[in-house]
Amino acid sequence: MKKFYLSTPLYYVNSSPHIGHAYTNIAGDVQARFHRLLGDEVFFLTGTDEHGQKIKRAAEEQNLSPQDFVDKTSDNFKILWQTLNVRTDDFIRTTEPRHKKVVQKVIKDLYEKKDVYESVYEGFYCVPCESFWTETQAADNKCPDCKRDVEFIKEKNYFFKLSKYQDWLISHIEKNKDFIKPTERYNEVLSFLKGNKLNDLCISRPKERLEWGIEFAFDPDYVTYVWFDALLNYISAAGCFSDKAKFERLWPADFHFIGKDILRQHAIYWPIMLKALELPPPKCVFAHGWWLVEKDSGSEKMSKSKGNVVSPLDIVEEFGKDCFRFFLLREVPFGLDGKFSYKAMIQRVNSDLANDLGNLVFRSLNMVEKYFMGRIPEAGKEMPAEYKKVIDELPEKYLKSMKDINFYLSLENIWELVRIANKSVEEKKPWSLAKEKKIKELENFIYFLMESLRIISIYLYPFIPETCQKIYNQLGLDKPLDKADFQKEIEWGSLPSGLATKKGEPLFPRIET
RNA sequence: CGCGGGGUGGAGCAGUCAGGUAGCUCGCAAGGCUCAUAACCUUGAGGUCGUCCGUUCAAAUCGGACCCCCGCAACCA
């Protein structure tokens with residue numbers, strides 16, 4: 001059994017989850033379910049990032065202690081993953097002891113190794129924002145965030161020797177074309193590394209200014225910079241320093257799903273941190289695009305201002321979890337930016353899910369009831385010619401696009417089969433066969449129509465698991481799809497005859513506008 | 001000349017590496033069918049493939065120049 005370790009980023013809990021968070025975890029869940037289908041031993045990790053000054057401030061605004069605040073906000077994420085049917089194997093919080101121990105030990109080890117050292121930080125500091133800025137950022141001595149004056153400060157801090165490993169990282173990236181995906185991001189990182197000299201990373205914050213963080217084991221006046229803390233979750237959750245067998249089994253991670261905004265941390269800081277620890281880097285960091293939100297209310301578009309953020313929970317309530325999952329992955333080629341609008345969502349759900357898939361399932365089951373009293377008829381011998389091409393080609397196309405994380409294309413590939421099935425009904429005219437009493441021919445046709453529904457459900461299962469399970473159940477199969485074996489399940493003709501079908505309500509009611 | 005990505009019918013994309021009638025999904029229009037969620041199927045309209053120049057029998061595809069859009073440019077999760 002092959003292991004497959006994939007992760008999402010740890011989400012910063014100073015605000016509520018938005019559509020972008022949902023996107024990353026849904027993509028991860030699709031990937032995880034796909035690998036489980038293939039029989040891999042999957043470890044799918046998500047969690048929350050809970051330290052830093054922004055958290056402290058947000059907690060103060062609500063009159064809560066930072067710990068009470070993060071306990072509450074972290075739950076918002078847990079609830080969302082349940083709502084979206086995102087099934088992870090672990091949920092790590094950076095405030096947990098299992099994580100803190102790892103961070104402290106890493107810093108201590110690196111300090112002893114001299115990859116972490118003391119120095120003096122010089123730069124611009126905005127007091128009200130509690131933020132550092134570089135000279136270029138703080139042009140005219142103004143904070144780019146709040147536009148107030150910044151002051152020049154000097155203070156002792158701890159630094160991590162990024163610079164020492166720059167050449168190693170360049171050669172690692174050049175030798176591993178799959179390390180950063182998609183290609184645009186690969187080029188972006190590589191050209192950046194070649195064209196710029198890395199500065200060492202300041203990984204400490206003096207406690208006098210910020211106390212909500214993981215304390216340095218050997219210097220209680222300092223806490224850890226949040227990114228240095230957060231990235232280490234990928235090894236602390238995998239059992240680093242605590243469960244040797246688990247860690248050796250899981251590490252290196254196979255896949256880090258991230259948004260393109262945190263590429264640098266994952267493609268530069270993180271592999272270098274691991275290198276310094278003498279651990280292998282993750283096999284792949286995949287940076288996807290963003291969702292730009294425009295809301296359609298009636299005929300006019302609302303501008304995207306702060307109060308107009310689309311909540312994933314609201315969308316799920318309105319459309320259902322599978323519609324939302326499907327939309328996010330079908331609408332936009334994975335990796336590129338997309339635009340979210342209710343109009344696009346409704347159109348997508350109506351045309352692909354209600355009209356094509358939902359109606360296909362409904363009309364097919366209806367014919368089984370009408371012509372065969374709700375029993376799957378006897379199988380014919382040969383696969384009908386119209387299915388042959390798409391059924392023969394689908395496994396290879398699907399496996400390739402799934403492995404390339406080209407979800408948009410995978411769905412496109414599956415829909416070829418959906419369209420063939422719909423088309424075959426028009427061409428065979430089962431209602432005519434029934435009238436003409438061509439029973440053998442009708443049985444044969446209906447059997448393969450049902451079989452195509454079953455096959456579609458397996459391919460589609462990682463994307464819309466709940467619906468696919470429903471289709472299986474409606475066909476009279478009670479097998480749980482989350483335990484299915486892909487290679488076995490996609491075998492054409494394995495649907496037993498005689499099953500009692502259970503037609504339900506349409507899977508996706510058309511949304512009237 | 002900082003680095004990178006991109007400009008293809010109304011929208012979103014494929015095709016560019018290996019030049020040879022411009023393809024897919026949605027939307028739109030007409031027709032067909034009735035098992036079905038006014039769903040499904042067929043056909044059609046719609047493109048000087050960012051601009052200009054060059055190579056070639058032939059360029060979305062190769063070469064050059066230019067215009068425009070979007071990312072990245074470091075203590076910010």
# chains A, B, ... in the order shown; residues from 1 in each chain; ligands from 1
$ interface_residues --of "chain B" --to "chain A" --cutoff "9 Å" --atoms "only C-alpha atoms (C1' of nucleotides)" --output "PyMOL selection string"
chain B and resi 2-5+12-13+25-26+33-37+39-41+71-77
$ select_by_dssp --residues "range 245-446 of chain A" --states "helix (DSSP H, G or I)" --output "ChimeraX atom specification"
/A:245-250,260-276,306-308,312-319,321-331,342-372,385-403,407-428,430-435,439-446
$ closest_residue --among "B:G7, B:G64, B:G20, B:G32" --to "C52 in chain B" --atoms "only C-alpha atoms (C1' of nucleotides)"
B:G64
$ residues_around --residues "Ile26 in chain A" --least-positions-apart "2" --cutoff "9 Å" --atoms "only C-alpha atoms (C1' of nucleotides)" --output "list in words"
His21, Ala22, Tyr23, Thr24, Gly28, Asp29, Val30, Gln31, Trp81, Leu84, Asn85, Val86, Arg325, Leu328, Leu329 and Phe463 of chain A
$ write_last_selection --atoms "C-alpha atoms" --output "PDB file, in the first residue's frame"
ATOM      1  CA  HIS A  21     -10.445  28.578   2.278  1.00  0.00           C
ATOM      2  CA  ALA A  22     -13.278  26.373   1.123  1.00  0.00           C
ATOM      3  CA  TYR A  23     -11.704  26.050  -2.299  1.00  0.00           C
ATOM      4  CA  THR A  24      -8.364  24.812  -1.024  1.00  0.00           C
ATOM      5  CA  GLY A  28      -7.609  18.691  -1.080  1.00  0.00           C
ATOM      6  CA  ASP A  29     -10.592  16.531  -0.297  1.00  0.00           C
ATOM      7  CA  VAL A  30     -11.043  15.613  -3.966  1.00  0.00           C
ATOM      8  CA  GLN A  31      -7.399  14.683  -4.145  1.00  0.00           C
ATOM      9  CA  TRP A  81     -15.117  21.197   6.765  1.00  0.00           C
ATOM     10  CA  LEU A  84     -18.571  20.684   2.997  1.00  0.00           C
ATOM     11  CA  ASN A  85     -17.928  16.984   3.438  1.00  0.00           C
ATOM     12  CA  VAL A  86     -14.208  17.579   3.614  1.00  0.00           C
ATOM     13  CA  ARG A 325     -17.931  21.656  -4.618  1.00  0.00           C
ATOM     14  CA  LEU A 328     -15.589  25.571  -7.678  1.00  0.00           C
ATOM     15  CA  LEU A 329     -13.734  22.840  -9.500  1.00  0.00           C
ATOM     16  CA  PHE A 463     -15.902  15.584  -6.518  1.00  0.00           C
TER      17      PHE A 463
END
$ select_by_dssp --residues "range 77-247 of chain A" --states "strand (DSSP E or B)" --output "ChimeraX atom specification"
/A:90-93,116-126,131-133,142,149,151-160,180-181,201-202,204-206,215-216,219-224
$ residues_around --residues "range 89-91 of chain A" --least-positions-apart "5" --cutoff "6 Å" --atoms "only C-alpha atoms (C1' of nucleotides)" --output "MDAnalysis selection string"
chainID A and resid 43:47
$ residues_around --residues "Leu495 in chain A" --least-positions-apart "6" --cutoff "10 Å" --atoms "only C-alpha atoms (C1' of nucleotides)" --output "list of chain:residue names"
A:Ile376, A:Ala379, A:Tyr447, A:Phe448, A:Met450, A:Glu451, A:Ser452, A:Arg454, A:Ile455, A:Leu475, A:Gly476, A:Leu477, A:Glu489
$ residues_around --residues "U51 in chain B" --least-positions-apart "4" --cutoff "12 Å" --atoms "only C-alpha atoms (C1' of nucleotides)" --output "PyMOL selection string"
chain B and resi 7+65-68
$ closest_residue --among "A:Pro280, A:Pro206, A:Pro465, A:Gly493" --to "Glu155 in chain A" --atoms "only C-alpha atoms"
A:Pro206
$ residues_around --residues "G19 in chain B" --least-positions-apart "6" --cutoff "10 Å" --atoms "only C-alpha atoms (C1' of nucleotides)" --output "list in words"
U56, A58, A59, U61 and C62 of chain B
$ write_last_selection --atoms "C-alpha atoms (C1' of nucleotides)" --output "PDB file, in the first residue's frame"
ATOM      1  C1'   U B  56       7.212  29.769 -46.353  1.00  0.00           C
ATOM      2  C1'   A B  58       1.023  27.454 -46.716  1.00  0.00           C
ATOM      3  C1'   A B  59       1.358  30.820 -40.046  1.00  0.00           C
ATOM      4  C1'   U B  61       1.326  27.884 -34.781  1.00  0.00           C
ATOM      5  C1'   C B  62       8.212  29.794 -36.807  1.00  0.00           C
TER       6        C B  62
END
$ closest_residue --among "A:Phe124, A:Tyr222, A:Phe160, A:Phe241" --to "Val102 in chain A" --atoms "only C-alpha atoms"
A:Phe241
$ decode --residues "range 356-429 of chain A" --atoms "C-alpha atoms" --output "JSON list (two decimals), in the first residue's frame"
[["chain", "number", "residue", "atom", "x", "y", "z"],
["A", 356, "ASP", "CA", -27.22, 16.78, -17.86],
["A", 357, "LEU", "CA", -26.50, 14.55, -14.88],
["A", 358, "GLY", "CA", -29.55, 14.84, -12.63],
["A", 359, "ASN", "CA", -32.03, 14.51, -15.44],
["A", 360, "LEU", "CA", -30.12, 11.58, -16.90],
["A", 361, "VAL", "CA", -30.32, 9.68, -13.64],
["A", 362, "PHE", "CA", -33.96, 10.54, -13.17],
["A", 363, "ARG", "CA", -35.11, 9.66, -16.69],
["A", 364, "SER", "CA", -33.11, 6.43, -16.64],
["A", 365, "LEU", "CA", -34.50, 5.20, -13.35],
["A", 366, "ASN", "CA", -37.91, 6.22, -14.47],
["A", 367, "MET", "CA", -37.63, 3.90, -17.46],
["A", 368, "VAL", "CA", -36.53, 1.02, -15.26],
["A", 369, "GLU", "CA", -39.68, 1.51, -13.21],
["A", 370, "LYS", "CA", -41.89, 1.98, -16.19],
["A", 371, "TYR", "CA", -40.63, -0.88, -18.33],
["A", 372, "PHE", "CA", -39.17, -3.35, -15.83],
["A", 373, "MET", "CA", -41.06, -2.71, -12.62],
["A", 374, "GLY", "CA", -38.02, -1.27, -10.92],
["A", 375, "ARG", "CA", -35.63, -4.14, -11.53],
["A", 376, "ILE", "CA", -32.33, -3.86, -13.38],
["A", 377, "PRO", "CA", -32.87, -6.06, -16.48],
["A", 378, "GLU", "CA", -30.67, -8.90, -17.70],
["A", 379, "ALA", "CA", -27.35, -7.94, -19.21],
["A", 380, "GLY", "CA", -26.77, -8.26, -22.89],
["A", 381, "LYS", "CA", -23.50, -9.61, -24.17],
["A", 382, "GLU", "CA", -21.79, -6.78, -25.92],
["A", 383, "MET", "CA", -21.04, -3.24, -24.96],
["A", 384, "PRO", "CA", -23.07, -0.98, -27.23],
["A", 385, "ALA", "CA", -20.88, 0.65, -29.87],
["A", 386, "GLU", "CA", -21.75, 4.18, -28.81],
["A", 387, "TYR", "CA", -20.12, 3.69, -25.41],
["A", 388, "LYS", "CA", -17.03, 1.92, -26.58],
["A", 389, "LYS", "CA", -14.75, 4.82, -27.43],
["A", 390, "VAL", "CA", -15.42, 6.90, -24.37],
["A", 391, "ILE", "CA", -15.39, 3.94, -21.97],
["A", 392, "ASP", "CA", -12.10, 2.69, -23.38],
["A", 393, "GLU", "CA", -10.42, 6.07, -23.21],
["A", 394, "LEU", "CA", -11.82, 7.37, -19.95],
["A", 395, "PRO", "CA", -9.62, 5.56, -17.42],
["A", 396, "GLU", "CA", -6.40, 6.80, -18.93],
["A", 397, "LYS", "CA", -7.62, 10.35, -19.54],
["A", 398, "TYR", "CA", -9.13, 10.57, -16.08],
["A", 399, "LEU", "CA", -6.12, 9.20, -14.24],
["A", 400, "LYS", "CA", -3.84, 11.56, -16.10],
["A", 401, "SER", "CA", -5.90, 14.68, -15.49],
["A", 402, "MET", "CA", -6.42, 13.77, -11.82],
["A", 403, "LYS", "CA", -2.72, 13.23, -11.31],
["A", 404, "ASP", "CA", -1.99, 16.52, -13.07],
["A", 405, "ILE", "CA", -4.48, 18.21, -10.69],
["A", 406, "ASN", "CA", -6.41, 19.29, -13.73],
["A", 407, "PHE", "CA", -9.82, 18.86, -12.11],
["A", 408, "TYR", "CA", -11.53, 20.98, -14.71],
["A", 409, "LEU", "CA", -10.39, 18.54, -17.38],
["A", 410, "SER", "CA", -11.31, 15.47, -15.33],
["A", 411, "LEU", "CA", -14.87, 16.71, -15.07],
["A", 412, "GLU", "CA", -14.89, 17.47, -18.76],
["A", 413, "ASN", "CA", -13.78, 13.89, -19.42],
["A", 414, "ILE", "CA", -16.54, 12.46, -17.25],
["A", 415, "TRP", "CA", -19.11, 14.64, -18.95],
["A", 416, "GLU", "CA", -18.27, 13.03, -22.28],
["A", 417, "LEU", "CA", -19.82, 9.90, -20.86],
["A", 418, "VAL", "CA", -22.79, 11.79, -19.45],
["A", 419, "ARG", "CA", -23.49, 13.23, -22.90],
["A", 420, "ILE", "CA", -23.08, 9.89, -24.63],
["A", 421, "ALA", "CA", -25.62, 8.37, -22.25],
["A", 422, "ASN", "CA", -28.14, 11.16, -22.86],
["A", 423, "LYS", "CA", -27.57, 10.90, -26.57],
["A", 424, "SER", "CA", -28.00, 7.14, -26.62],
["A", 425, "VAL", "CA", -31.51, 7.56, -25.24],
["A", 426, "GLU", "CA", -32.46, 9.78, -28.17],
["A", 427, "GLU", "CA", -30.93, 7.41, -30.66],
["A", 428, "LYS", "CA", -32.34, 4.16, -29.26],
["A", 429, "LYS", "CA", -35.79, 5.56, -28.51]]
